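Text of final12.cif (mmCIF, C-alpha atoms) as supplied:
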data_input
#
loop_
_atom_site.group_PDB
_atom_site.id
_atom_site.type_symbol
_atom_site.label_atom_id
_atom_site.label_comp_id
_atom_site.auth_asym_id
_atom_site.auth_seq_id
_atom_site.Cartn_x
_atom_site.Cartn_y
_atom_site.Cartn_z
ATOM 1 C CA MET K 1 27.601 184.833 131.003
ATOM 2 C CA SER K 2 24.933 187.195 129.712
ATOM 3 C CA GLU K 3 25.523 190.896 130.214
ATOM 4 C CA ASN K 4 22.797 193.015 131.807
ATOM 5 C CA PRO K 5 22.170 196.349 130.044
ATOM 6 C CA SER K 6 22.338 198.211 133.360
ATOM 7 C CA THR K 7 26.043 197.343 133.702
ATOM 8 C CA HIS K 8 27.021 198.967 130.418
ATOM 9 C CA ASP K 9 29.371 201.927 130.562
ATOM 10 C CA HIS K 10 27.186 204.951 129.898
ATOM 11 C CA THR K 11 30.104 207.285 129.203
ATOM 12 C CA GLY K 12 29.509 206.886 125.473
ATOM 13 C CA SER K 13 26.471 207.865 123.457
ATOM 14 C CA THR K 14 23.917 206.340 125.830
ATOM 15 C CA PRO K 15 23.331 208.522 128.903
ATOM 16 C CA GLN K 16 22.341 207.080 132.240
ATOM 17 C CA ARG K 17 18.704 207.570 133.155
ATOM 18 C CA ILE K 18 18.256 208.530 136.811
ATOM 19 C CA ALA K 19 15.245 209.450 138.972
ATOM 20 C CA ILE K 20 15.907 211.613 142.039
ATOM 21 C CA LEU K 21 13.378 212.162 144.837
ATOM 22 C CA GLY K 22 14.156 215.029 147.196
ATOM 23 C CA ALA K 23 16.043 216.686 144.355
ATOM 24 C CA THR K 24 15.926 220.253 145.649
ATOM 25 C CA GLY K 25 17.545 219.667 149.048
ATOM 26 C CA GLY K 26 21.182 220.451 149.725
ATOM 27 C CA ILE K 27 22.495 216.983 148.871
ATOM 28 C CA GLY K 28 19.837 216.358 146.214
ATOM 29 C CA SER K 29 20.652 219.479 144.217
ATOM 30 C CA ALA K 30 24.403 218.798 144.466
ATOM 31 C CA LEU K 31 23.795 215.285 143.167
ATOM 32 C CA CYS K 32 21.600 216.500 140.306
ATOM 33 C CA ARG K 33 24.307 218.951 139.218
ATOM 34 C CA ARG K 34 26.914 216.166 139.193
ATOM 35 C CA LEU K 35 24.684 213.821 137.233
ATOM 36 C CA ALA K 36 23.775 216.526 134.722
ATOM 37 C CA SER K 37 27.440 217.445 134.277
ATOM 38 C CA ARG K 38 28.230 213.894 133.150
ATOM 39 C CA GLY K 39 25.365 213.811 130.694
ATOM 40 C CA CYS K 40 22.692 211.889 132.577
ATOM 41 C CA HIS K 41 19.031 212.240 131.707
ATOM 42 C CA LEU K 42 17.092 213.070 134.854
ATOM 43 C CA ALA K 43 13.610 212.826 136.313
ATOM 44 C CA ILE K 44 13.479 214.995 139.430
ATOM 45 C CA ALA K 45 10.901 215.276 142.194
ATOM 46 C CA ALA K 46 10.393 217.338 145.330
ATOM 47 C CA ARG K 47 7.579 218.480 147.580
ATOM 48 C CA ARG K 48 7.407 222.106 146.409
ATOM 49 C CA GLN K 49 6.986 223.258 142.813
ATOM 50 C CA GLU K 50 8.879 226.565 142.924
ATOM 51 C CA PRO K 51 12.341 225.250 143.911
ATOM 52 C CA LEU K 52 11.804 222.283 141.600
ATOM 53 C CA ASP K 53 11.171 224.622 138.670
ATOM 54 C CA ALA K 54 14.273 226.629 139.570
ATOM 55 C CA LEU K 55 16.458 223.516 139.629
ATOM 56 C CA ALA K 56 14.990 222.239 136.365
ATOM 57 C CA SER K 57 15.714 225.601 134.762
ATOM 58 C CA GLU K 58 19.310 225.511 136.023
ATOM 59 C CA LEU K 59 19.925 221.986 134.743
ATOM 60 C CA GLY K 60 18.336 222.637 131.369
ATOM 61 C CA ASP K 61 18.043 219.793 128.877
ATOM 62 C CA ALA K 62 19.267 217.215 131.402
ATOM 63 C CA VAL K 63 15.837 217.253 133.069
ATOM 64 C CA LYS K 64 13.248 215.315 131.087
ATOM 65 C CA LEU K 65 10.602 215.116 133.829
ATOM 66 C CA SER K 66 9.942 217.109 136.998
ATOM 67 C CA ARG K 67 7.078 216.608 139.421
ATOM 68 C CA ALA K 68 6.078 218.069 142.769
ATOM 69 C CA PHE K 69 4.379 215.685 145.209
ATOM 70 C CA ASP K 70 4.505 214.387 148.771
ATOM 71 C CA ALA K 71 6.870 211.395 148.798
ATOM 72 C CA THR K 72 5.344 210.074 152.030
ATOM 73 C CA ASP K 73 2.550 208.938 149.682
ATOM 74 C CA ALA K 74 4.179 205.714 148.487
ATOM 75 C CA THR K 75 1.686 205.383 145.635
ATOM 76 C CA ALA K 76 2.733 208.789 144.312
ATOM 77 C CA SER K 77 6.398 207.777 144.491
ATOM 78 C CA GLU K 78 5.713 204.552 142.625
ATOM 79 C CA GLY K 79 3.822 206.495 139.966
ATOM 80 C CA PHE K 80 6.680 208.960 139.570
ATOM 81 C CA ILE K 81 9.226 206.167 139.143
ATOM 82 C CA LYS K 82 7.056 204.434 136.535
ATOM 83 C CA ASP K 83 6.486 207.691 134.650
ATOM 84 C CA ALA K 84 10.210 208.456 134.840
ATOM 85 C CA ALA K 85 10.969 205.123 133.191
ATOM 86 C CA ASP K 86 8.345 205.758 130.525
ATOM 87 C CA THR K 87 9.666 209.267 129.836
ATOM 88 C CA LEU K 88 13.355 208.342 129.830
ATOM 89 C CA GLY K 89 12.935 205.057 127.988
ATOM 90 C CA GLY K 90 13.899 203.036 131.054
ATOM 91 C CA LEU K 91 15.712 203.654 134.337
ATOM 92 C CA ASP K 92 19.281 202.874 135.354
ATOM 93 C CA GLY K 93 19.062 204.338 138.843
ATOM 94 C CA VAL K 94 16.878 205.853 141.543
ATOM 95 C CA ALA K 95 17.981 207.839 144.594
ATOM 96 C CA ASN K 96 15.809 208.879 147.530
ATOM 97 C CA LEU K 97 17.070 212.070 149.182
ATOM 98 C CA VAL K 98 13.839 212.746 151.090
ATOM 99 C CA GLY K 99 14.364 212.815 154.851
ATOM 100 C CA SER K 100 14.365 214.776 158.076
ATOM 101 C CA ILE K 101 16.407 215.549 161.182
ATOM 102 C CA ILE K 102 15.112 215.395 164.733
ATOM 103 C CA LEU K 103 17.381 215.685 167.766
ATOM 104 C CA LYS K 104 15.412 214.740 170.866
ATOM 105 C CA PRO K 105 15.715 212.073 173.518
ATOM 106 C CA ALA K 106 13.015 209.413 173.463
ATOM 107 C CA HIS K 107 11.194 210.743 176.535
ATOM 108 C CA LEU K 108 10.677 214.132 174.846
ATOM 109 C CA THR K 109 9.676 212.745 171.440
ATOM 110 C CA SER K 110 5.934 212.758 170.813
ATOM 111 C CA ASP K 111 4.012 210.101 168.906
ATOM 112 C CA GLU K 112 3.393 212.661 166.173
ATOM 113 C CA GLU K 113 7.124 213.461 165.859
ATOM 114 C CA LEU K 114 8.017 209.782 165.723
ATOM 115 C CA GLU K 115 5.390 209.059 163.088
ATOM 116 C CA ARG K 116 6.526 211.998 160.946
ATOM 117 C CA THR K 117 10.154 210.894 161.232
ATOM 118 C CA LEU K 118 9.262 207.360 160.171
ATOM 119 C CA ARG K 119 7.126 208.585 157.283
ATOM 120 C CA LEU K 120 9.747 210.989 155.918
ATOM 121 C CA ASN K 121 12.612 208.518 156.170
ATOM 122 C CA LEU K 122 11.377 204.921 156.195
ATOM 123 C CA TRP K 123 8.072 205.237 154.355
ATOM 124 C CA THR K 124 9.570 207.279 151.532
ATOM 125 C CA SER K 125 12.384 204.751 151.184
ATOM 126 C CA PHE K 126 9.954 201.818 151.127
ATOM 127 C CA GLY K 127 7.913 203.514 148.410
ATOM 128 C CA VAL K 128 11.050 204.014 146.332
ATOM 129 C CA VAL K 129 12.150 200.404 146.822
ATOM 130 C CA ARG K 130 8.729 199.101 145.841
ATOM 131 C CA GLY K 131 8.485 201.409 142.838
ATOM 132 C CA ALA K 132 11.996 200.597 141.656
ATOM 133 C CA ALA K 133 11.423 196.865 142.053
ATOM 134 C CA LYS K 134 8.274 197.015 139.953
ATOM 135 C CA THR K 135 9.842 199.193 137.270
ATOM 136 C CA MET K 136 13.455 197.988 137.009
ATOM 137 C CA ARG K 137 13.162 194.195 137.257
ATOM 138 C CA LYS K 138 13.706 193.641 133.535
ATOM 139 C CA GLY K 139 16.701 195.897 133.062
ATOM 140 C CA GLY K 140 18.314 196.042 136.508
ATOM 141 C CA GLY K 141 19.978 199.123 137.931
ATOM 142 C CA SER K 142 20.916 200.868 141.167
ATOM 143 C CA VAL K 143 18.854 202.229 144.059
ATOM 144 C CA VAL K 144 20.476 204.492 146.658
ATOM 145 C CA LEU K 145 18.815 205.333 149.969
ATOM 146 C CA MET K 146 19.972 207.671 152.719
ATOM 147 C CA GLY K 147 20.930 206.544 156.203
ATOM 148 C CA THR K 148 22.764 208.275 159.034
ATOM 149 C CA ALA K 149 25.953 207.722 161.007
ATOM 150 C CA ALA K 150 23.763 207.932 164.130
ATOM 151 C CA ALA K 151 22.191 204.580 163.219
ATOM 152 C CA ILE K 152 25.651 202.979 163.185
ATOM 153 C CA ALA K 153 27.196 204.593 166.261
ATOM 154 C CA GLY K 154 25.179 205.457 169.342
ATOM 155 C CA VAL K 155 24.732 209.233 169.361
ATOM 156 C CA ALA K 156 22.772 210.890 172.155
ATOM 157 C CA ASN K 157 19.357 212.408 171.394
ATOM 158 C CA HIS K 158 19.012 210.643 168.033
ATOM 159 C CA GLU K 159 16.596 207.859 169.001
ATOM 160 C CA ALA K 160 13.840 208.588 166.478
ATOM 161 C CA ILE K 161 16.031 209.307 163.475
ATOM 162 C CA ALA K 162 18.394 206.429 164.321
ATOM 163 C CA ALA K 163 15.403 204.071 164.498
ATOM 164 C CA ALA K 164 14.074 205.252 161.141
ATOM 165 C CA LYS K 165 17.414 205.180 159.352
ATOM 166 C CA GLY K 166 18.380 201.886 160.952
ATOM 167 C CA ALA K 167 15.220 200.462 159.429
ATOM 168 C CA VAL K 168 16.224 201.930 156.055
ATOM 169 C CA ALA K 169 19.507 200.017 156.272
ATOM 170 C CA GLY K 170 17.632 196.771 156.975
ATOM 171 C CA LEU K 171 15.246 197.497 154.118
ATOM 172 C CA ALA K 172 18.134 197.988 151.682
ATOM 173 C CA ARG K 173 19.913 194.800 152.716
ATOM 174 C CA SER K 174 16.779 192.683 152.379
ATOM 175 C CA ALA K 175 15.844 194.254 149.043
ATOM 176 C CA ALA K 176 19.402 193.682 147.810
ATOM 177 C CA ALA K 177 18.967 189.969 148.519
ATOM 178 C CA THR K 178 15.476 189.768 147.054
ATOM 179 C CA TYR K 179 16.221 191.549 143.788
ATOM 180 C CA ALA K 180 19.805 190.453 143.140
ATOM 181 C CA PRO K 181 18.559 187.918 140.529
ATOM 182 C CA SER K 182 17.061 190.902 138.676
ATOM 183 C CA ASN K 183 20.400 192.751 138.962
ATOM 184 C CA ILE K 184 18.899 195.603 140.983
ATOM 185 C CA ARG K 185 21.426 196.874 143.507
ATOM 186 C CA PHE K 186 20.399 198.537 146.772
ATOM 187 C CA ASN K 187 22.837 200.548 148.885
ATOM 188 C CA VAL K 188 22.691 203.165 151.630
ATOM 189 C CA VAL K 189 24.867 206.247 152.097
ATOM 190 C CA ALA K 190 25.075 207.230 155.771
ATOM 191 C CA PRO K 191 26.307 210.810 156.330
ATOM 192 C CA GLY K 192 27.337 212.568 159.491
ATOM 193 C CA LEU K 193 26.114 216.118 160.040
ATOM 194 C CA VAL K 194 25.995 217.931 156.702
ATOM 195 C CA ASP K 195 25.607 221.686 156.208
ATOM 196 C CA THR K 196 22.282 221.773 154.358
ATOM 197 C CA PRO K 197 19.056 223.741 154.794
ATOM 198 C CA LEU K 198 17.674 220.685 156.625
ATOM 199 C CA ALA K 199 20.337 221.123 159.306
ATOM 200 C CA THR K 200 19.905 224.881 159.754
ATOM 201 C CA ASP K 201 18.643 224.567 163.328
ATOM 202 C CA ILE K 202 22.037 223.097 164.225
ATOM 203 C CA THR K 203 24.379 224.919 161.871
ATOM 204 C CA SER K 204 22.929 228.345 162.695
ATOM 205 C CA ASN K 205 24.133 227.887 166.282
ATOM 206 C CA GLU K 206 27.901 228.409 166.508
ATOM 207 C CA MET K 207 28.334 226.411 169.694
ATOM 208 C CA ALA K 208 26.287 223.495 168.361
ATOM 209 C CA THR K 209 28.257 223.504 165.107
ATOM 210 C CA LYS K 210 31.595 223.480 166.951
ATOM 211 C CA ALA K 211 30.440 220.651 169.196
ATOM 212 C CA SER K 212 29.237 218.668 166.186
ATOM 213 C CA ALA K 213 32.494 219.257 164.300
ATOM 214 C CA ALA K 214 34.458 217.956 167.288
ATOM 215 C CA MET K 215 32.522 214.648 167.142
ATOM 216 C CA HIS K 216 33.820 214.019 163.608
ATOM 217 C CA ALA K 217 37.394 212.712 163.503
ATOM 218 C CA LEU K 218 38.215 214.942 160.523
ATOM 219 C CA GLY K 219 37.309 217.971 162.621
ATOM 220 C CA ARG K 220 34.502 219.473 160.564
ATOM 221 C CA ILE K 221 30.937 218.872 159.520
ATOM 222 C CA GLY K 222 30.251 217.855 155.960
ATOM 223 C CA ASN K 223 28.904 219.715 152.975
ATOM 224 C CA PRO K 224 26.713 218.414 150.134
ATOM 225 C CA GLU K 225 29.724 218.034 147.852
ATOM 226 C CA ASP K 226 31.170 215.519 150.343
ATOM 227 C CA ILE K 227 28.131 213.257 149.969
ATOM 228 C CA ALA K 228 26.989 213.624 146.356
ATOM 229 C CA PRO K 229 30.060 211.881 144.833
ATOM 230 C CA MET K 230 29.399 208.709 146.835
ATOM 231 C CA ILE K 231 25.770 208.579 145.691
ATOM 232 C CA ASP K 232 26.904 209.304 142.137
ATOM 233 C CA LEU K 233 29.397 206.426 142.306
ATOM 234 C CA LEU K 234 26.801 203.964 143.594
ATOM 235 C CA LEU K 235 24.426 204.965 140.798
ATOM 236 C CA SER K 236 27.111 204.538 138.157
ATOM 237 C CA PRO K 237 28.148 201.394 136.278
ATOM 238 C CA GLN K 238 31.513 201.572 138.084
ATOM 239 C CA ALA K 239 29.749 200.268 141.221
ATOM 240 C CA ALA K 240 28.106 197.357 139.414
ATOM 241 C CA TRP K 241 29.402 194.804 141.962
ATOM 242 C CA ILE K 242 28.374 196.717 145.104
ATOM 243 C CA THR K 243 25.056 195.896 146.735
ATOM 244 C CA GLY K 244 23.562 195.533 150.205
ATOM 245 C CA GLN K 245 26.047 197.997 151.718
ATOM 246 C CA VAL K 246 25.721 200.861 154.201
ATOM 247 C CA ILE K 247 28.570 203.205 153.373
ATOM 248 C CA GLY K 248 29.546 205.933 155.808
ATOM 249 C CA ALA K 249 30.381 209.327 154.348
ATOM 250 C CA ASP K 250 30.661 210.914 157.761
ATOM 251 C CA GLY K 251 34.097 212.325 158.536
ATOM 252 C CA GLY K 252 34.738 209.267 160.701
ATOM 253 C CA LEU K 253 31.790 209.888 163.042
ATOM 254 C CA SER K 254 30.470 206.329 163.001
ATOM 255 C CA ARG K 255 33.784 204.470 163.286
ATOM 256 C CA ILE K 256 36.541 206.647 164.734
ATOM 257 C CA GLN K 257 37.008 208.141 168.183
ATOM 258 C CA PRO K 258 38.390 211.669 167.704
ATOM 259 C CA ARG K 259 41.744 212.338 169.320
ATOM 260 C CA MET K 260 41.685 214.268 172.566
ATOM 261 C CA LYS K 261 43.080 217.787 172.364
ATOM 262 C CA PHE K 262 45.466 218.746 175.151
#

Is it possible to express this structure as structure tokens?
Amino acid sequence: MSENPSTHDHTGSTPQRIAILGATGGIGSALCRRLASRGCHLAIAARRQEPLDALASELGDAVKLSRAFDATDATASEGFIKDAADTLGGLDGVANLVGSIILKPAHLTSDEELERTLRLNLWTSFGVVRGAAKTMRKGGGSVVLMGTAAAIAGVANHEAIAAAKGAVAGLARSAAATYAPSNIRFNVVAPGLVDTPLATDITSNEMATKASAAMHALGRIGNPEDIAPMIDLLLSPQAAWITGQVIGADGGLSRIQPRMKF
């Protein structure tokens, strides 16, 4: 059986080459730090230039390309992925950390809010899938998208985000089937509530945070360091036989009923 270059162990002299969209968010920056610490060469992208420059400065020589753009423009995402491959001499992995949170019941969600939620979560993911498929079909590799526990378990007031992230899960499974002959793996990490700047509207409210923590069987909300290792694993050669999966990193939110306290 022939061996695909993307399955090689990159712990030696050849570093993994990874592109990260949404790199400056809470989970994105935690992931970039992990990847840099194990010697990966990175291409990083985010919407705003200033935090992107700060992260690039922190990570130093690990960052070979950084670019600020709006990832809801799928053409821009495709261009970034292609340029990342050109700059890094190929790509072993791509992760899309772009997303949003909206907690509203359907009857209070406007068309504009729904469209923005779909664009930030589904559209950005589709652009990454399309760009990765065009760029990585010769060498293979790993693509990681972000889902949510709310698309697995029914959680009140999550209709828009659950719809968007549920579609991301379907996208990843179909892409995994389509591009398996090219050895491109597609997986989704589905967190529960994570303490990031994106979740500030929730985490800044003590009562809301306590209520959210109680919904997670492990009794707390997550932090970026709970999620980044799973994405890191899926990007690594150690996960070379994992594809088409939606993996919950959610404190049990999607699968476990918390015990009642008496």

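The nearest approach to K:Ile256 among the residues K:Ala150, K:Ala106, K:Leu88, K:Leu218, with only C-alpha atoms taken into account, belongs to K:Leu218.
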
Discussion item. Nearest residue to K:Pro224 out of K:Ser182, K:Ser204, K:Gln16, K:Thr24, using all atoms listed in the file?
Written reply: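 So, comparing all the options, the nearest one is K:Thr24.
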
Please enumerate the residues selected by the PyMOL selection byres ((chain K and resi 195) around 6) when evaluated against the supplied file, formatted as a short mmCIF file (atom, residue, chain, number, x, y, z; two decimals) with C-alpha atoms, in the frame of the given file.
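Here's the written file part.cif:
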data_model
loop_
_atom_site.label_atom_id
_atom_site.label_comp_id
_atom_site.auth_asym_id
_atom_site.auth_seq_id
_atom_site.Cartn_x
_atom_site.Cartn_y
_atom_site.Cartn_z
CA VAL K 194 26.00 217.93 156.70
CA THR K 196 22.28 221.77 154.36
CA ASN K 223 28.90 219.72 152.98
#

Would you kindly return, as a JSON list (two decimals) with C-alpha atoms, in the coordinates of the input, each protein, DNA or RNA residue with an atom no farther than 12 Å from any atom of K:Leu145, considering all atoms listed in the file and excluding same-chain residues fewer than 4 positions away?
[["chain", "number", "residue", "atom", "x", "y", "z"],
["K", 20, "ILE", "CA", 15.91, 211.61, 142.04],
["K", 21, "LEU", "CA", 13.38, 212.16, 144.84],
["K", 22, "GLY", "CA", 14.16, 215.03, 147.20],
["K", 28, "GLY", "CA", 19.84, 216.36, 146.21],
["K", 93, "GLY", "CA", 19.06, 204.34, 138.84],
["K", 94, "VAL", "CA", 16.88, 205.85, 141.54],
["K", 95, "ALA", "CA", 17.98, 207.84, 144.59],
["K", 96, "ASN", "CA", 15.81, 208.88, 147.53],
["K", 97, "LEU", "CA", 17.07, 212.07, 149.18],
["K", 98, "VAL", "CA", 13.84, 212.75, 151.09],
["K", 99, "GLY", "CA", 14.36, 212.82, 154.85],
["K", 121, "ASN", "CA", 12.61, 208.52, 156.17],
["K", 122, "LEU", "CA", 11.38, 204.92, 156.20],
["K", 123, "TRP", "CA", 8.07, 205.24, 154.35],
["K", 124, "THR", "CA", 9.57, 207.28, 151.53],
["K", 125, "SER", "CA", 12.38, 204.75, 151.18],
["K", 126, "PHE", "CA", 9.95, 201.82, 151.13],
["K", 127, "GLY", "CA", 7.91, 203.51, 148.41],
["K", 128, "VAL", "CA", 11.05, 204.01, 146.33],
["K", 129, "VAL", "CA", 12.15, 200.40, 146.82],
["K", 132, "ALA", "CA", 12.00, 200.60, 141.66],
["K", 165, "LYS", "CA", 17.41, 205.18, 159.35],
["K", 166, "GLY", "CA", 18.38, 201.89, 160.95],
["K", 167, "ALA", "CA", 15.22, 200.46, 159.43],
["K", 168, "VAL", "CA", 16.22, 201.93, 156.06],
["K", 169, "ALA", "CA", 19.51, 200.02, 156.27],
["K", 170, "GLY", "CA", 17.63, 196.77, 156.98],
["K", 171, "LEU", "CA", 15.25, 197.50, 154.12],
["K", 172, "ALA", "CA", 18.13, 197.99, 151.68],
["K", 173, "ARG", "CA", 19.91, 194.80, 152.72],
["K", 175, "ALA", "CA", 15.84, 194.25, 149.04],
["K", 176, "ALA", "CA", 19.40, 193.68, 147.81],
["K", 185, "ARG", "CA", 21.43, 196.87, 143.51],
["K", 186, "PHE", "CA", 20.40, 198.54, 146.77],
["K", 187, "ASN", "CA", 22.84, 200.55, 148.88],
["K", 188, "VAL", "CA", 22.69, 203.16, 151.63],
["K", 189, "VAL", "CA", 24.87, 206.25, 152.10],
["K", 190, "ALA", "CA", 25.08, 207.23, 155.77],
["K", 191, "PRO", "CA", 26.31, 210.81, 156.33],
["K", 230, "MET", "CA", 29.40, 208.71, 146.84],
["K", 231, "ILE", "CA", 25.77, 208.58, 145.69],
["K", 232, "ASP", "CA", 26.90, 209.30, 142.14],
["K", 234, "LEU", "CA", 26.80, 203.96, 143.59],
["K", 235, "LEU", "CA", 24.43, 204.96, 140.80],
["K", 243, "THR", "CA", 25.06, 195.90, 146.74],
["K", 244, "GLY", "CA", 23.56, 195.53, 150.21],
["K", 245, "GLN", "CA", 26.05, 198.00, 151.72],
["K", 246, "VAL", "CA", 25.72, 200.86, 154.20],
["K", 247, "ILE", "CA", 28.57, 203.20, 153.37]]

Item to complete: Please write as a PyMOL selection string the full residue list that the PyMOL selection byres ((chain K and resi 77-82) around 8) yields on this file.
Response: chain K and resi 19+67+71-76+83-86+124+127-128+130-132+135

Worksheet item: What separation in Å, quoted to one decimal, exists between atom CA of K:Gly219 and atom CA of K:Met207?
Response: 14.2 Å

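The interatomic distance for the pair atom CA of K:Ala62 and atom CA of K:Pro237 works out to 18.8 Å.
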
Item to complete: Would you write out, as a PyMOL selection string, every residue that the PyMOL selection byres ((chain K and resi 32) around 9) captures in this file?
Response: chain K and resi 20+23-24+27-31+33-37+42+44+55+59+228

Worksheet item: Which of these residues is nearest to K:Glu113, using all atoms listed in the file: K:Ala68, K:Leu91, K:Ala249, K:Ile161?
Response: K:Ile161

Go ahead and fit an axis-aligned box to every listed atom of stretch 183-195 of chain K plus 4 Å each side, and pass me the centre and edge lengths in Å, one decimal, as JSON.
{"center_x": 23.1, "center_y": 207.2, "center_z": 149.5, "size_x": 16.4, "size_y": 36.9, "size_z": 29.1}

Worksheet entry | Spatial neighbours of K:Ser212, 12 Å, all atoms listed in the file, chain gap at least 4 places, as a list in words |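 With the cut-off at 12 Å, the set is Val155, Ala156, Gly192, Leu193, Val194, Asp195, Ala199, Ile202, Thr203, Asn205, Glu206, Met207, Ala208, His216, Ala217, Leu218, Gly219, Arg220, Ile221, Gly222, Asp250, Gly251, Leu253 and Pro258 of chain K.
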